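Visitor: Contents of structure.tsv (TSV, C-alpha atoms and all ligand atoms):
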```tsv
chain	number	residue	atom	x	y	z
A	1	MET	CA	0.00	0.00	0.00
A	2	VAL	CA	1.29	3.48	-0.90
A	3	LEU	CA	1.94	5.70	2.11
A	4	GLU	CA	-0.28	8.77	1.82
A	5	ALA	CA	0.42	11.63	4.23
A	6	ILE	CA	-1.97	14.14	2.68
A	7	ARG	CA	-5.48	13.06	1.66
A	8	TYR	CA	-7.54	15.56	-0.29
A	9	ASN	CA	-10.74	14.92	-2.15
A	10	GLY	CA	-13.48	17.32	-3.21
A	11	GLY	CA	-12.59	20.05	-0.71
A	12	LYS	CA	-11.98	17.67	2.20
A	13	LEU	CA	-8.45	17.57	3.60
A	14	SER	CA	-7.03	15.16	6.15
A	15	ILE	CA	-3.39	14.51	7.04
A	16	ILE	CA	-1.49	11.93	9.02
A	17	ASP	CA	-0.37	13.31	12.39
A	18	GLN	CA	3.43	13.04	12.15
A	19	LEU	CA	3.79	13.75	15.87
A	20	GLN	CA	2.35	10.30	16.57
A	21	LEU	CA	4.47	8.41	14.02
A	22	PRO	CA	5.79	5.76	13.91
A	23	PHE	CA	3.67	4.52	16.80
A	24	VAL	CA	0.16	5.51	15.77
A	25	GLU	CA	-1.15	6.13	12.23
A	26	HIS	CA	-3.80	8.74	12.92
A	27	TYR	CA	-5.37	10.99	10.29
A	28	PHE	CA	-7.21	14.18	11.26
A	29	ASP	CA	-9.27	16.68	9.28
A	30	ILE	CA	-8.13	20.20	8.48
A	31	THR	CA	-11.06	22.42	7.54
A	32	THR	CA	-9.61	25.95	7.73
A	33	SER	CA	-6.42	27.88	7.01
A	34	GLU	CA	-6.11	28.39	10.77
A	35	GLY	CA	-6.09	24.58	11.13
A	36	GLY	CA	-3.43	24.37	8.39
A	37	TRP	CA	-1.27	27.01	10.11
A	38	GLN	CA	-1.52	25.16	13.46
A	39	ALA	CA	-0.65	21.78	11.90
A	40	ILE	CA	2.46	23.28	10.28
A	41	LYS	CA	3.52	25.19	13.39
A	42	ARG	CA	3.11	22.11	15.61
A	43	MET	CA	5.00	19.95	13.04
A	44	GLN	CA	2.05	17.60	12.54
A	45	VAL	CA	3.08	18.08	8.94
A	46	ARG	CA	6.64	19.07	8.05
A	47	GLY	CA	9.03	18.89	5.12
A	48	ALA	CA	9.29	21.78	2.65
A	49	PRO	CA	6.94	20.60	-0.14
A	50	ALA	CA	4.36	19.08	2.25
A	51	ILE	CA	4.11	22.31	4.23
A	52	ALA	CA	3.32	24.25	1.06
A	53	ILE	CA	0.73	21.73	-0.15
A	54	VAL	CA	-1.07	21.47	3.20
A	55	ALA	CA	-1.13	25.26	3.55
A	56	ALA	CA	-2.58	25.66	0.04
A	57	LEU	CA	-5.14	22.86	0.48
A	58	SER	CA	-6.23	24.00	3.96
A	59	LEU	CA	-7.36	27.28	2.40
A	60	ALA	CA	-8.96	25.36	-0.49
A	61	ALA	CA	-10.96	23.33	2.06
A	62	GLU	CA	-12.01	26.52	3.85
A	63	LEU	CA	-13.15	28.18	0.62
A	64	GLN	CA	-15.01	25.05	-0.49
A	65	ALA	CA	-16.95	25.00	2.79
A	66	LEU	CA	-17.73	28.73	2.56
A	67	ALA	CA	-18.92	28.27	-1.02
A	68	THR	CA	-21.09	25.28	-0.08
A	69	HIS	CA	-22.78	27.28	2.71
A	70	ASN	CA	-23.11	30.46	0.58
A	71	LYS	CA	-20.78	32.28	2.97
A	72	LEU	CA	-18.11	33.54	0.59
A	73	PRO	CA	-17.47	37.31	0.69
A	74	SER	CA	-19.94	38.81	-1.76
A	75	SER	CA	-17.76	40.26	-4.53
A	76	ALA	CA	-14.93	38.81	-6.62
A	77	GLU	CA	-12.62	41.53	-5.26
A	78	ASP	CA	-13.50	40.74	-1.64
A	79	VAL	CA	-12.84	37.01	-2.15
A	80	GLY	CA	-9.49	37.92	-3.74
A	81	ALA	CA	-8.55	40.12	-0.76
A	82	TYR	CA	-9.70	37.41	1.68
A	83	ILE	CA	-7.54	34.75	-0.01
A	84	ILE	CA	-4.47	36.99	-0.15
A	85	GLU	CA	-4.77	37.83	3.56
A	86	LYS	CA	-5.06	34.11	4.44
A	87	LEU	CA	-2.04	33.23	2.27
A	88	ASP	CA	0.10	35.87	4.06
A	89	TYR	CA	-1.01	34.37	7.35
A	90	LEU	CA	-0.13	30.82	6.23
A	91	VAL	CA	3.35	31.94	5.10
A	92	SER	CA	4.04	33.16	8.65
A	93	SER	CA	3.90	29.59	10.05
A	94	ARG	CA	7.55	28.59	9.36
A	95	PRO	CA	10.28	30.76	7.82
A	96	THR	CA	13.02	28.62	6.24
A	97	ALA	CA	11.39	26.44	3.58
A	98	VAL	CA	10.78	28.56	0.49
A	99	ASN	CA	8.16	26.25	-1.07
A	100	LEU	CA	5.42	27.80	1.08
A	101	SER	CA	6.10	31.41	0.07
A	102	ASP	CA	6.65	30.30	-3.54
A	103	ALA	CA	3.24	28.57	-3.56
A	104	ALA	CA	1.59	31.61	-1.95
A	105	ARG	CA	3.13	33.94	-4.53
A	106	LYS	CA	1.91	31.79	-7.45
A	107	LEU	CA	-1.58	31.40	-5.94
A	108	LYS	CA	-1.83	35.15	-5.34
A	109	THR	CA	-1.07	35.82	-9.00
A	110	ILE	CA	-3.84	33.43	-10.09
A	111	VAL	CA	-6.33	34.89	-7.62
A	112	SER	CA	-5.52	38.50	-8.54
A	113	ALA	CA	-6.01	37.73	-12.24
A	114	ALA	CA	-9.30	35.94	-11.53
A	115	SER	CA	-10.68	38.72	-9.34
A	116	GLN	CA	-9.76	41.44	-11.85
A	117	ARG	CA	-11.35	39.62	-14.79
A	118	ASN	CA	-14.34	41.55	-16.13
A	119	GLY	CA	-17.61	40.31	-14.64
A	120	SER	CA	-16.04	37.53	-12.56
A	121	THR	CA	-18.02	36.31	-9.56
A	122	ALA	CA	-16.94	35.53	-6.00
A	123	LEU	CA	-17.44	31.81	-6.69
A	124	GLU	CA	-15.28	31.90	-9.81
A	125	VAL	CA	-12.40	33.45	-7.85
A	126	ALA	CA	-12.72	30.85	-5.09
A	127	ASN	CA	-12.80	28.07	-7.71
A	128	ALA	CA	-9.75	29.47	-9.50
A	129	TYR	CA	-7.86	29.25	-6.20
A	130	ILE	CA	-9.14	25.75	-5.39
A	131	HIS	CA	-8.18	24.35	-8.81
A	132	ALA	CA	-4.71	25.91	-8.64
A	133	ALA	CA	-4.08	24.50	-5.15
A	134	GLU	CA	-5.23	21.04	-6.28
A	135	ALA	CA	-2.98	21.24	-9.35
A	136	MET	CA	0.02	22.02	-7.11
A	137	GLN	CA	-0.49	18.78	-5.22
A	138	ALA	CA	-0.59	16.76	-8.45
A	139	LYS	CA	2.45	18.58	-9.89
A	140	ASP	CA	4.53	17.96	-6.75
A	141	LEU	CA	3.93	14.22	-7.00
A	142	GLU	CA	4.84	14.18	-10.70
A	143	ASP	CA	8.00	16.23	-10.00
A	144	ASN	CA	9.09	13.79	-7.31
A	145	MET	CA	8.80	10.82	-9.66
A	146	ASN	CA	11.09	12.64	-12.11
A	147	ILE	CA	13.52	13.66	-9.35
A	148	GLY	CA	13.71	10.01	-8.32
A	149	LYS	CA	14.47	8.90	-11.86
A	150	HIS	CA	17.11	11.57	-12.58
A	151	GLY	CA	18.83	11.12	-9.21
A	152	ALA	CA	19.02	7.33	-9.54
A	153	GLU	CA	20.46	7.58	-13.08
A	154	TRP	CA	23.05	10.15	-11.95
A	155	ILE	CA	24.19	8.03	-9.02
A	156	LEU	CA	24.57	4.92	-11.19
A	157	ALA	CA	26.51	6.88	-13.81
A	158	ASN	CA	28.71	8.96	-11.49
A	159	ALA	CA	29.06	7.44	-8.03
A	160	LEU	CA	29.81	3.74	-8.54
A	161	SER	CA	33.11	1.99	-9.18
A	162	PRO	CA	33.37	0.20	-12.58
A	163	ALA	CA	32.80	-3.16	-10.89
A	164	GLN	CA	29.56	-2.07	-9.20
A	165	ASN	CA	26.02	-2.03	-10.57
A	166	LYS	CA	24.12	-1.22	-7.35
A	167	ALA	CA	24.38	1.81	-5.09
A	168	THR	CA	24.66	2.18	-1.33
A	169	VAL	CA	23.33	5.53	-0.18
A	170	LEU	CA	22.97	7.51	3.02
A	171	THR	CA	20.13	9.97	3.57
A	172	HIS	CA	19.29	12.50	6.28
A	173	CYS	CA	16.05	13.80	7.82
A	174	ASN	CA	12.79	12.79	6.14
A	175	THR	CA	12.24	13.63	2.49
A	176	GLY	CA	9.77	10.92	1.57
A	177	SER	CA	6.02	10.55	1.17
A	178	LEU	CA	5.60	12.20	4.55
A	179	ALA	CA	7.47	15.34	3.50
A	180	THR	CA	5.90	15.81	0.06
A	181	SER	CA	2.74	15.05	-1.92
A	182	GLY	CA	4.11	11.52	-2.30
A	183	TYR	CA	7.15	9.41	-3.28
A	184	GLY	CA	9.61	11.99	-1.96
A	185	THR	CA	12.67	13.87	-3.17
A	186	ALA	CA	15.89	12.35	-1.75
A	187	LEU	CA	13.91	9.35	-0.56
A	188	GLY	CA	12.29	9.28	-3.99
A	189	VAL	CA	15.77	8.67	-5.42
A	190	VAL	CA	16.18	5.77	-2.97
A	191	ARG	CA	12.74	4.45	-4.01
A	192	SER	CA	13.68	4.74	-7.67
A	193	LEU	CA	16.96	2.82	-7.14
A	194	LYS	CA	15.01	0.15	-5.29
A	195	SER	CA	12.34	-0.17	-7.97
A	196	ASN	CA	15.04	-0.61	-10.67
A	197	ASP	CA	16.81	-3.21	-8.52
A	198	THR	CA	19.89	-0.96	-8.41
A	199	LEU	CA	19.83	-0.24	-4.67
A	200	ARG	CA	22.36	-2.25	-2.73
A	201	TYR	CA	21.61	-0.68	0.63
A	202	ALA	CA	20.24	2.48	2.27
A	203	TYR	CA	21.30	4.10	5.53
A	204	CYS	CA	19.31	6.79	7.31
A	205	THR	CA	20.42	9.05	10.12
A	206	GLU	CA	18.42	9.45	13.31
A	207	THR	CA	18.40	13.25	12.66
A	208	ARG	CA	18.67	14.73	16.13
A	209	PRO	CA	17.09	16.56	17.80
A	210	TYR	CA	13.66	16.00	16.23
A	211	ASN	CA	14.37	12.48	14.98
A	212	GLN	CA	12.72	12.78	11.57
A	213	GLY	CA	15.11	10.02	10.45
A	214	SER	CA	14.39	7.43	13.12
A	215	ARG	CA	10.67	8.21	13.46
A	216	LEU	CA	9.71	8.95	9.85
A	217	THR	CA	12.34	7.84	7.32
A	218	ALA	CA	12.89	4.53	9.10
A	219	PHE	CA	9.09	4.08	9.11
A	220	GLU	CA	8.92	4.70	5.33
A	221	LEU	CA	11.88	2.40	4.62
A	222	VAL	CA	10.31	-0.42	6.62
A	223	HIS	CA	6.90	0.29	5.05
A	224	ASP	CA	8.39	-0.11	1.53
A	225	ASN	CA	10.61	-3.11	2.39
A	226	ILE	CA	13.75	-1.19	1.45
A	227	PRO	CA	16.92	-2.82	2.85
A	228	ALA	CA	18.09	-0.18	5.32
A	229	THR	CA	19.91	0.54	8.56
A	230	LEU	CA	19.45	3.39	11.00
A	231	ILE	CA	22.51	5.16	12.43
A	232	THR	CA	22.81	8.00	14.91
A	233	ASP	CA	24.10	11.23	13.39
A	234	SER	CA	27.43	10.80	15.16
A	235	MET	CA	28.06	7.48	13.37
A	236	ALA	CA	28.18	8.97	9.87
A	237	ALA	CA	31.97	9.51	9.80
A	238	ALA	CA	32.61	5.91	10.87
A	239	LEU	CA	30.18	4.67	8.21
A	240	LEU	CA	31.81	6.74	5.45
A	241	SER	CA	35.28	5.50	6.41
A	242	LYS	CA	34.26	1.94	5.45
A	243	ALA	CA	35.83	0.81	2.20
A	244	GLY	CA	35.00	-2.05	-0.16
A	245	GLU	CA	31.70	-3.46	-1.37
A	246	ASN	CA	29.68	-2.01	1.51
A	247	ALA	CA	31.05	1.51	1.16
A	248	VAL	CA	28.57	4.36	0.80
A	249	ASN	CA	28.56	5.64	-2.81
A	250	ALA	CA	26.52	8.77	-2.31
A	251	ILE	CA	24.79	10.91	0.28
A	252	ILE	CA	21.47	12.30	-0.86
A	253	VAL	CA	19.51	14.90	1.08
A	254	GLY	CA	16.52	17.19	0.51
A	255	ALA	CA	16.38	20.96	0.81
A	256	ASP	CA	14.28	23.66	2.38
A	257	ARG	CA	15.74	26.47	0.29
A	258	VAL	CA	18.41	26.43	-2.40
A	259	ALA	CA	19.91	29.88	-2.99
A	260	ALA	CA	20.76	31.10	-6.52
A	261	ASN	CA	24.41	30.07	-6.08
A	262	GLY	CA	23.47	26.54	-4.92
A	263	ASP	CA	24.04	27.07	-1.17
A	264	THR	CA	21.43	24.84	0.45
A	265	ALA	CA	19.48	25.19	3.68
A	266	ASN	CA	18.37	21.79	4.91
A	267	LYS	CA	17.86	19.94	8.17
A	268	ILE	CA	20.52	20.60	10.79
A	269	GLY	CA	23.36	18.12	10.30
A	270	THR	CA	23.32	18.30	6.50
A	271	TYR	CA	26.38	20.59	6.39
A	272	GLY	CA	28.38	18.18	8.56
A	273	LEU	CA	27.48	15.28	6.26
A	274	ALA	CA	28.63	17.29	3.22
A	275	VAL	CA	32.00	17.99	4.86
A	276	LEU	CA	32.37	14.29	5.66
A	277	ALA	CA	31.41	13.32	2.11
A	278	ARG	CA	34.07	15.59	0.61
A	279	TYR	CA	36.73	14.26	2.99
A	280	HIS	CA	35.88	10.66	2.13
A	281	GLY	CA	35.43	11.21	-1.64
A	282	VAL	CA	31.72	10.34	-1.51
A	283	LYS	CA	29.31	12.10	-3.89
A	284	PHE	CA	26.96	14.58	-2.21
A	285	LEU	CA	23.61	15.32	-3.86
A	286	VAL	CA	20.73	17.64	-2.99
A	287	ALA	CA	17.32	16.58	-4.34
A	288	ALA	CA	14.63	19.24	-4.59
A	289	PRO	CA	11.90	20.44	-6.94
A	290	LEU	CA	12.27	23.83	-8.66
A	291	THR	CA	9.81	25.21	-6.08
A	292	THR	CA	12.64	24.89	-3.51
A	293	ILE	CA	15.11	26.93	-5.59
A	294	ASP	CA	15.01	30.59	-4.61
A	295	LEU	CA	16.75	32.69	-7.26
A	296	ALA	CA	15.85	35.82	-5.28
A	297	THR	CA	18.22	34.69	-2.51
A	298	GLU	CA	21.74	35.19	-3.77
A	299	SER	CA	23.57	32.96	-1.30
A	300	GLY	CA	23.05	31.01	1.89
A	301	ASN	CA	24.11	34.04	3.97
A	302	SER	CA	20.67	35.58	3.62
A	303	ILE	CA	18.60	32.48	4.44
A	304	VAL	CA	16.66	32.89	7.70
A	305	ILE	CA	17.23	29.84	9.89
A	306	GLU	CA	14.34	28.89	12.17
A	307	GLU	CA	15.32	28.42	15.82
A	308	ARG	CA	13.09	25.97	17.66
A	309	PRO	CA	12.25	25.43	21.35
A	310	SER	CA	14.95	24.10	23.70
A	311	SER	CA	12.59	21.33	24.80
A	312	GLU	CA	13.25	19.54	21.47
A	313	VAL	CA	16.86	19.07	22.62
A	314	THR	CA	16.31	18.48	26.34
A	315	THR	CA	13.49	15.97	25.99
A	316	ILE	CA	12.70	12.98	23.81
A	317	LYS	CA	9.39	11.51	22.75
A	318	GLY	CA	8.74	7.80	22.62
A	319	SER	CA	6.23	5.05	23.17
A	320	GLN	CA	5.86	2.53	25.91
A	321	GLU	CA	3.73	-0.57	26.07
A	322	ASP	CA	1.48	-0.82	29.11
A	323	ASN	CA	2.41	-4.14	30.78
A	324	VAL	CA	-1.14	-4.79	31.91
A	325	THR	CA	-3.35	-3.62	29.01
A	326	GLY	CA	-0.79	-3.96	26.18
A	327	ASP	CA	-1.83	-0.48	25.00
A	328	THR	CA	0.79	1.83	23.47
A	329	LYS	CA	1.27	5.04	25.43
A	330	LEU	CA	3.15	8.00	23.95
A	331	GLY	CA	5.27	9.98	26.37
A	332	THR	CA	8.05	12.53	26.68
A	333	VAL	CA	11.05	12.20	28.99
A	334	ARG	CA	13.78	14.70	29.89
A	335	ILE	CA	17.29	13.70	28.81
A	336	ALA	CA	19.36	16.79	29.73
A	337	ALA	CA	20.39	18.40	33.01
A	338	GLU	CA	17.96	21.05	34.27
A	339	GLY	CA	19.34	24.56	33.86
A	340	ILE	CA	21.62	23.94	30.85
A	341	ASN	CA	21.42	26.47	28.00
A	342	VAL	CA	20.34	25.14	24.59
A	343	TRP	CA	20.83	26.24	20.96
A	344	ASN	CA	18.38	24.62	18.55
A	345	PRO	CA	18.68	25.80	14.95
A	346	ALA	CA	16.36	23.62	12.84
A	347	PHE	CA	18.47	23.95	9.67
A	348	ASP	CA	22.01	24.64	8.50
A	349	VAL	CA	23.42	25.89	5.21
A	350	THR	CA	25.67	23.68	3.09
A	351	PRO	CA	27.94	25.78	0.86
A	352	SER	CA	27.57	24.96	-2.83
A	353	ILE	CA	31.27	24.08	-3.03
A	354	LEU	CA	30.47	20.84	-1.18
A	355	ILE	CA	27.55	19.85	-3.44
A	356	ASP	CA	28.16	17.67	-6.51
A	357	GLY	CA	24.72	17.95	-8.03
A	358	ILE	CA	21.24	19.35	-7.46
A	359	VAL	CA	18.61	16.86	-8.59
A	360	THR	CA	15.43	18.49	-9.89
A	361	GLU	CA	12.48	17.35	-11.96
A	362	LYS	CA	14.30	18.75	-15.00
A	363	GLY	CA	17.50	16.78	-14.45
A	364	VAL	CA	20.65	17.04	-12.34
A	365	ALA	CA	22.27	20.48	-12.27
A	366	GLU	CA	26.07	20.31	-12.03
A	367	LYS	CA	28.59	23.13	-11.80
A	368	GLY	CA	29.85	24.70	-14.99
A	369	LYS	CA	33.49	25.08	-16.03
A	370	ASP	CA	33.61	28.18	-13.81
A	371	GLY	CA	32.98	25.95	-10.77
A	372	ARG	CA	29.54	27.51	-10.14
A	373	PHE	CA	25.95	26.32	-10.42
A	374	HIS	CA	23.81	28.16	-13.00
A	375	LEU	CA	20.42	27.35	-11.53
A	376	ASP	CA	18.66	30.14	-13.42
A	377	GLU	CA	19.03	27.98	-16.57
A	378	LEU	CA	16.63	25.44	-15.05
A	379	PHE	CA	13.82	27.98	-15.27
A	380	ASP	CA	14.17	28.68	-19.03
B	401	LIG	O1	11.90	20.71	10.14
B	401	LIG	P1	11.42	19.82	9.02
B	401	LIG	O2	11.14	18.42	9.46
B	401	LIG	O3	10.27	20.44	8.25
B	401	LIG	O4	12.67	19.76	8.05
B	401	LIG	C1	12.58	19.00	6.87
B	401	LIG	C2	13.83	18.96	6.10
B	401	LIG	O5	14.82	19.59	6.39
B	401	LIG	C3	13.79	18.18	4.83
B	401	LIG	O6	15.00	17.57	4.58
B	401	LIG	C4	13.44	19.15	3.70
B	401	LIG	O7	12.30	19.90	4.00
B	401	LIG	C5	13.25	18.48	2.43
B	401	LIG	S1	11.70	17.62	2.39
B	401	LIG	C6	11.48	16.92	0.88
```
How would this structure read if it were set down as structure tokens?

Guide:
Amino acid sequence: MVLEAIRYNGGKLSIIDQLQLPFVEHYFDITTSEGGWQAIKRMQVRGAPAIAIVAALSLAAELQALATHNKLPSSAEDVGAYIIEKLDYLVSSRPTAVNLSDAARKLKTIVSAASQRNGSTALEVANAYIHAAEAMQAKDLEDNMNIGKHGAEWILANALSPAQNKATVLTHCNTGSLATSGYGTALGVVRSLKSNDTLRYAYCTETRPYNQGSRLTAFELVHDNIPATLITDSMAAALLSKAGENAVNAIIVGADRVAANGDTANKIGTYGLAVLARYHGVKFLVAAPLTTIDLATESGNSIVIEERPSSEVTTIKGSQEDNVTGDTKLGTVRIAAEGINVWNPAFDVTPSILIDGIVTEKGVAEKGKDGRFHLDELFD
């Protein structure tokens, strides 16, 4: 069965609660943009593309309900203004991933055009928004399938020794079905290798402090029967130092924002993995749709990095089986000394110099002869 994190049909949106994974698979309804904002803020949905899609669809669900109950603002202009205000609000939920503001910008353009069209009605403007939001979900899934294909081909052509025909890869954070509309970006590449029978082995990091790797990626790998092993983040150097048949051929990660020069903001720990990859001569790839590439941001220096609560570092969530009833109970325990100061940046920036290729739905962007990425060419 395909893992589906975001379910949307005819104006009804429900998502899997990622806070309860991998212990409980619970879906809940989101009926308003406020509900979408809360789900993103609380990390019930996370991952750059998934945040954008849930934000867009939460407002689609709200508009659909207003339309059904004849409660839309009365004029086309008023609906346009209402949608634009809600999109600005949704963008304020998390700052680093660019997909959300990119989606909001594109949706605003569509809504403005619809509301300015001569004689257009309030319902037509709402429907223009709803159709565009639905199309974004479909496009993200299609893009991920292409990212998977291009990334797998690149790894087989560029990262293996002549004697090898299968790849061993390491990935970080969660970039799979749970982080996107489906299939995934970096994890989509792993899925593509597996489906072509060219995956020798996958490793995933735990991804401290929020454990997207152990809770979510490990869950997806097990779900899809992909041969894989979980390591803590601190084990990556030891893993990369292994030579021979079991050596890691490539590290593949996702992205929350790729600047025009290729500098990439992604889950904290990505930068360290890129440094290790370069030291050990292992290929380092970033997989992301064009919606994650932000040509307006010149370099990683101007990417705003979200800082998250200290409790994510000082406590850990888990599940425990009740000895008597056998029920699973979710709980949080403290793992750090009371009174210690904490720094919790959710992302870091990997300089483009450490990145061998950026895998997009259009193919794998590599540096030119000048040693720089020319990502603007992807948008031609
Ligand atoms: O804080 P999160 O869990 O939203 O961070 C997610 C990541 O950093 C992912 O690697 C990134 O968004 C790419 S998802 C396809």

Visitor: Sorted by chain and rising residue number, which residues of segment 93-118 of chain A lie within 12 Å of segment 343-353 of chain A, and what are their closest atom pairs and distances in Å to one decimal, counting all atoms listed in the file, as a tab-separated table?

Guide:
```
residue	atom	partner	partner_atom	distance
A:Arg94	CA	A:Ala346	CA	10.7
A:Pro95	CA	A:Ala346	CA	10.6
A:Thr96	CA	A:Phe347	CA	8.0
A:Ala97	CA	A:Phe347	CA	9.7
```

Visitor: Atom CA of Ala128 of chain A to atom CA of Ser33 of chain A: how many Å, to one decimal?

Guide: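 Between atom CA of Ala128 of chain A and atom CA of Ser33 of chain A the gap works out to 16.9 Å.
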
Visitor: Mind giving me the straight-line distance from atom CA of Met1 of chain A to atom CA of Leu193 of chain A in Å, one decimal?

Guide: 18.6 Å

Visitor: Here's a test: counting all atoms listed in the file, identify every protein, DNA and RNA residue with an atom at most 8 Å from (21.2, 12.0, 3.7) in the file's coordinate frame, and state them as JSON, numbers by chain.

Guide: {"A": [169, 170, 171, 172, 173, 186, 204, 205, 251, 252, 253, 254, 270, 273]}

Visitor: Could you tell me which of A:Val275, A:Ala56, A:Ala103, A:Ala250 comes closest to Ala157 of chain A if we count all atoms listed in the file?

Guide: A:Ala250

Visitor: Give me, as a Markdown table, the closest atom pair and its distance (Å, one decimal) for every residue of segment 243-331 of chain A within a cut-off of 12 Å of segment 160-168 of chain A, counting all atoms listed in the file, rows sorted by chain and rising number.

Guide:
```
| residue | atom | partner | partner_atom | distance |
| --- | --- | --- | --- | --- |
| A:Ala243 | CA | A:Ser161 | CA | 11.8 |
| A:Gly244 | CA | A:Ser161 | CA | 10.1 |
| A:Glu245 | CA | A:Gln164 | CA | 8.2 |
| A:Asn246 | CA | A:Thr168 | CA | 7.1 |
| A:Ala247 | CA | A:Thr168 | CA | 6.9 |
| A:Val248 | CA | A:Thr168 | CA | 5.0 |
| A:Asn249 | CA | A:Thr168 | CA | 5.4 |
| A:Ala250 | CA | A:Thr168 | CA | 6.9 |
| A:Ile251 | CA | A:Thr168 | CA | 8.9 |
| A:Ile252 | CA | A:Thr168 | CA | 10.6 |
| A:Gly281 | CA | A:Leu160 | CA | 11.6 |
| A:Val282 | CA | A:Leu160 | CA | 9.8 |
| A:Lys283 | CA | A:Leu160 | CA | 9.6 |
```

Visitor: I need the chosen residues saved as a PDB file, keeping the file's coordinate frame, with C-alpha atoms.

Guide:
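What landed in result39.pdb:
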```pdb
ATOM      1  CA  ALA A 243      35.830   0.810   2.200  1.00  0.00           C
ATOM      2  CA  GLY A 244      35.000  -2.050  -0.160  1.00  0.00           C
ATOM      3  CA  GLU A 245      31.700  -3.460  -1.370  1.00  0.00           C
ATOM      4  CA  ASN A 246      29.680  -2.010   1.510  1.00  0.00           C
ATOM      5  CA  ALA A 247      31.050   1.510   1.160  1.00  0.00           C
ATOM      6  CA  VAL A 248      28.570   4.360   0.800  1.00  0.00           C
ATOM      7  CA  ASN A 249      28.560   5.640  -2.810  1.00  0.00           C
ATOM      8  CA  ALA A 250      26.520   8.770  -2.310  1.00  0.00           C
ATOM      9  CA  ILE A 251      24.790  10.910   0.280  1.00  0.00           C
ATOM     10  CA  ILE A 252      21.470  12.300  -0.860  1.00  0.00           C
ATOM     11  CA  GLY A 281      35.430  11.210  -1.640  1.00  0.00           C
ATOM     12  CA  VAL A 282      31.720  10.340  -1.510  1.00  0.00           C
ATOM     13  CA  LYS A 283      29.310  12.100  -3.890  1.00  0.00           C
TER      14      LYS A 283
END
```

Visitor: Within 8 Å of ligand LIG 401 (chain B), which residues of chain A show up? Give each one with its shortest atom-to-atom distance in Å (one decimal) and the two atoms involved, counting all atoms listed in the file, rows by chain then rising residue number, as a tab-separated table.

Guide:
```
residue	atom	partner	partner_atom	distance
A:Met43	CA	B:LIG401	O3	7.1
A:Val45	CA	B:LIG401	O3	7.6
A:Arg46	CA	B:LIG401	O3	3.9
A:Gly47	CA	B:LIG401	O7	3.6
A:Ala48	CA	B:LIG401	O7	3.8
A:Pro49	CA	B:LIG401	C6	5.9
A:Ala50	CA	B:LIG401	S1	7.5
A:Ile51	CA	B:LIG401	O3	7.6
A:Ala97	CA	B:LIG401	O7	6.6
A:His172	CA	B:LIG401	O6	6.9
A:Cys173	CA	B:LIG401	O6	5.1
A:Asn174	CA	B:LIG401	O6	5.5
A:Thr175	CA	B:LIG401	C6	3.7
A:Gly176	CA	B:LIG401	C6	6.3
A:Ala179	CA	B:LIG401	S1	4.9
A:Thr180	CA	B:LIG401	C6	5.7
A:Gly184	CA	B:LIG401	C6	6.0
A:Thr185	CA	B:LIG401	C6	5.2
A:Ala186	CA	B:LIG401	C6	6.9
A:Tyr210	CA	B:LIG401	O2	7.6
A:Gln212	CA	B:LIG401	O2	6.2
A:Val253	CA	B:LIG401	O6	6.3
A:Gly254	CA	B:LIG401	C5	4.0
A:Ala255	CA	B:LIG401	C5	4.3
A:Asp256	CA	B:LIG401	O7	4.5
A:Ala265	CA	B:LIG401	O5	7.8
A:Asn266	CA	B:LIG401	O5	4.4
A:Lys267	CA	B:LIG401	O5	3.5
A:Ile268	CA	B:LIG401	O5	7.3
A:Ala287	CA	B:LIG401	C6	7.8
A:Ala288	CA	B:LIG401	C6	6.7
A:Ala346	CA	B:LIG401	O1	6.0
A:Phe347	CA	B:LIG401	O5	6.6
```

Visitor: With all atoms listed in the file as the counted atoms, please give the residues lying no more than 9 Å from Lys108 of chain A, apart from itself and same-chain residues fewer than 2 positions off, as a ChimeraX atom specification.

Guide: /A:80,83-84,87,103-106,110-113,129

Visitor: Do a neighbour search on Arg7 of chain A at 9 Å with all atoms listed in the file, toss out local chain neighbours closer than 5 positions, and write the hits as a list of chain:residue names.

Guide: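 The contact residues come out as A:Lys12, A:Leu13, A:Ser14, A:Ile15, A:Ile16, A:Tyr27.
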
Visitor: Report, in Å to a single decimal, how far apart atom CA of Asp294 of chain A and atom CA of Gly363 of chain A are.

Guide: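 Result for atom CA of Gly363 of chain A versus atom CA of Asp294 of chain A: 17.1 Å, one decimal.
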
Visitor: Would you list the contacts of Asn146 of chain A as a compact mmCIF listing (two decimals) with C-alpha atoms, in the coordinates of the input, taking every protein, DNA or RNA residue within 12 Å and counting all atoms listed in the file, but skipping same-chain residues closer than 2 positions in sequence?

Guide:
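And here's result_34.txt as it stands now:
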```
# COMPACT_ATOMS: atom_id res chain seq x y z
CA LYS A 139 2.45 18.58 -9.89
CA ASP A 140 4.53 17.96 -6.75
CA LEU A 141 3.93 14.22 -7.00
CA GLU A 142 4.84 14.18 -10.70
CA ASP A 143 8.00 16.23 -10.00
CA ASN A 144 9.09 13.79 -7.31
CA GLY A 148 13.71 10.01 -8.32
CA LYS A 149 14.47 8.90 -11.86
CA HIS A 150 17.11 11.57 -12.58
CA GLY A 151 18.83 11.12 -9.21
CA ALA A 152 19.02 7.33 -9.54
CA GLU A 153 20.46 7.58 -13.08
CA TYR A 183 7.15 9.41 -3.28
CA GLY A 184 9.61 11.99 -1.96
CA THR A 185 12.67 13.87 -3.17
CA ALA A 186 15.89 12.35 -1.75
CA GLY A 188 12.29 9.28 -3.99
CA VAL A 189 15.77 8.67 -5.42
CA ARG A 191 12.74 4.45 -4.01
CA SER A 192 13.68 4.74 -7.67
CA ALA A 287 17.32 16.58 -4.34
CA ALA A 288 14.63 19.24 -4.59
CA PRO A 289 11.90 20.44 -6.94
CA LEU A 290 12.27 23.83 -8.66
CA VAL A 359 18.61 16.86 -8.59
CA THR A 360 15.43 18.49 -9.89
CA GLU A 361 12.48 17.35 -11.96
CA LYS A 362 14.30 18.75 -15.00
CA GLY A 363 17.50 16.78 -14.45
CA VAL A 364 20.65 17.04 -12.34
```
